[in-house]
Each structure stands twice: as structure tokens, then as C-alpha cells.
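Peer 1: So that we are looking at the same thing, I have put the structure below in C-alpha cells.
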Amino acid sequence: MSLPNRREKNLKYKNTDLNNTINLIHLLENYNIQIPSNILYDISCNLFNNTYNNKHVSLLIDYRNNNIITYGFNYYLKSDKFPFSLHSEINTINKHYRKKLTKNINKTKKILIILKISKIGVIGNSKPCQHCANYIYNNYDNLNLTKIYYSNKNNILEELTKDELNKKKFKLSAGFKRSYLDNKK
Ligand SMILES: [Zn+2]
């Protein structure tokens, strides 16, 4: 009985061409990172089907060869019980931990790239929020991270050092602020 589901899925993804990923391809090419076609297709579909104007995607990259090891998107989980959204950095790190990986991959140095892309593919500022900055800092050594980058509006990646993750002030996410205000009512 899986046929209707599959048909629905195809219909949902029908109008997708990879046009909304052109800026992303160019941006990452400048850093010698190439996105495999299956991941590109997934990103393109996620942008296309996004109910919101922007989507975040994070990439965990192998420092030795610039291959993408794990990637993940942000998700909105709006309910009374759990009003937070799951940010792409945290989703990607958790996804990575769930994988069964070879010792080699566990030991290799990694780069984390956090990107913001609009529905039509415009790159935006993806500086992590305070919660994510703490989370990345706390997992920095365990993941063998060596560099953190986030996209900005000028189509370049800005670097964040481990020290900056710890000492800089980052914005509180909208979801966190909302739930904080709700608790004060
Ligand atoms: Zn965040």
C-alpha cells in the first residue's frame, strides 16, 4: 500500500529544478567543496517545499578531502509542549552521532558549515544563535572540529573560532525568546 504515498511524494517534488541551489554551488566551490548530486537534489527539494521563506542547512565536512560526511536541515516543531525549532547545526551534529562510523571518520578533523538559503536560493546570514554556539562549543573536541563557518549576505563564509564560540555573545533564537516570554506570563 505504499503506492499512494510515493505518488504524493513525486507530485510534491514535481516542479523542482536545481536552480535554487546555483548560489550555494558557487559559494562552496570557492572553498573547494563540491556537493554530490543526491545531496544537491535533497537541498533543492527542501528549499522548494519549504513553507517558510528561508531554510538552514549545516554540513559536516571531512577536513582531509572536503567531502560532506553529514548534513541536516532546521525543522520547526511548534507545539505547546515543545515550542522550539530544531536548528540545522544541532540536527546535523545529532544526526552524525547516530551514525555508525568508522574509527577513521571519527578521528578525522572536521569543518562545520552553517548556511541560510531562501526558497529561491539567495544566501543569507546564518550566524548561530547562543544556544547553538554553546552546543557546537561543547561538542567541538568530541567531533574533532577544526573550523566553523557560517554564510553571510555577501555570499562569503565567515569563520568562528572555538574561542569566539565560547566568548562572543550570540543572539537568542526567536523560539527561545517566545518560550521565555510565555513562561513569564
Ligand atoms: Zn541556533
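Note on naming: chains are A, B, ... as they come in the C-alpha cells, residues start from 1 per chain, ligands start from 1 in the order shown.
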Tell me which protein, DNA and RNA residues are within 12 Å of Glu89 of chain A, counting only C-alpha atoms, leaving out same-chain ones fewer than 2 positions away, and put them as an NGL selection string.
Peer 2: :A and (56-60 or 70-75 or 85-87 or 91-96 or 111-116 or 126-137 or 139 or 148-150)
Peer 1: Residues of segment 35-118 of chain A in helix (DSSP H, G or I) according to DSSP, as a list in words?
Peer 2: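 Output for segment 35-118 of chain A, helix (DSSP H, G or I) only: Ser37, Asn38, Ile39, Leu40, Tyr41, Asp42, Ile43, Ser44, Cys45, Asn46, Leu47, Phe48, Ser88, Glu89, Ile90, Asn91, Thr92, Ile93, Asn94, Lys95, His96, Tyr97, Arg98, Lys103, Asn104, Ile105, Asn106 and Lys107 of chain A.
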Peer 1: Restrict the selected residues to C-alpha atoms and save them as an mmCIF file, in the first residue's frame.
Peer 2:
data_model
loop_
_atom_site.group_PDB
_atom_site.id
_atom_site.type_symbol
_atom_site.label_atom_id
_atom_site.label_comp_id
_atom_site.auth_asym_id
_atom_site.auth_seq_id
_atom_site.Cartn_x
_atom_site.Cartn_y
_atom_site.Cartn_z
ATOM 1 C CA SER A 37 24.163 15.387 -6.868
ATOM 2 C CA ASN A 38 21.983 13.392 -4.444
ATOM 3 C CA ILE A 39 22.592 15.898 -1.629
ATOM 4 C CA LEU A 40 22.088 18.798 -4.031
ATOM 5 C CA TYR A 41 18.763 17.346 -5.091
ATOM 6 C CA ASP A 42 17.712 16.899 -1.465
ATOM 7 C CA ILE A 43 18.639 20.503 -0.635
ATOM 8 C CA SER A 44 16.831 21.773 -3.715
ATOM 9 C CA CYS A 45 13.636 19.873 -2.806
ATOM 10 C CA ASN A 46 13.789 21.048 0.785
ATOM 11 C CA LEU A 47 14.048 24.673 -0.346
ATOM 12 C CA PHE A 48 11.308 24.227 -2.904
ATOM 13 C CA SER A 88 20.306 22.761 11.485
ATOM 14 C CA GLU A 89 23.624 22.810 13.408
ATOM 15 C CA ILE A 90 22.183 20.726 16.232
ATOM 16 C CA ASN A 91 20.265 18.459 13.871
ATOM 17 C CA THR A 92 23.439 17.779 11.884
ATOM 18 C CA ILE A 93 25.590 17.085 14.951
ATOM 19 C CA ASN A 94 22.965 14.743 16.429
ATOM 20 C CA LYS A 95 22.486 13.029 13.091
ATOM 21 C CA HIS A 96 26.229 12.498 12.946
ATOM 22 C CA TYR A 97 26.329 10.913 16.412
ATOM 23 C CA ARG A 98 23.566 8.499 15.441
ATOM 24 C CA LYS A 103 37.192 4.981 13.534
ATOM 25 C CA ASN A 104 38.846 6.792 10.692
ATOM 26 C CA ILE A 105 35.929 9.181 10.218
ATOM 27 C CA ASN A 106 35.577 9.685 13.961
ATOM 28 C CA LYS A 107 39.184 10.690 14.257
#
Peer 1: Go through A:Leu77, A:Tyr63, A:Asn155, A:Lys99 one by one, measure the shortest atom-to-atom distance of each to His26 of chain A using only C-alpha atoms, and give the residue with the smallest value.
Peer 2: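 Looking only at the distances to His26 of chain A, the closest residue turns out to be A:Asn155.
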Peer 1: Between atom CA of Ile61 of chain A and atom CA of Val122 of chain A, measure the distance and give it in Å to one decimal.
Peer 2: 21.9 Å
Peer 1: Between atom CA of Thr21 of chain A and atom CA of Gly121 of chain A, what is the distance, to one decimal in Å?
Peer 2: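 Between atom CA of Thr21 of chain A and atom CA of Gly121 of chain A the gap works out to 5.6 Å.
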Peer 1: With distances taken over only C-alpha atoms and all ligand atoms, which residue among A:Lys55, A:Lys100, A:Lys147, A:Lys171 lies nearest ligand 1?
Peer 2: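 Nearest candidate to ligand 1 out of A:Lys55, A:Lys100, A:Lys147, A:Lys171: A:Lys171.
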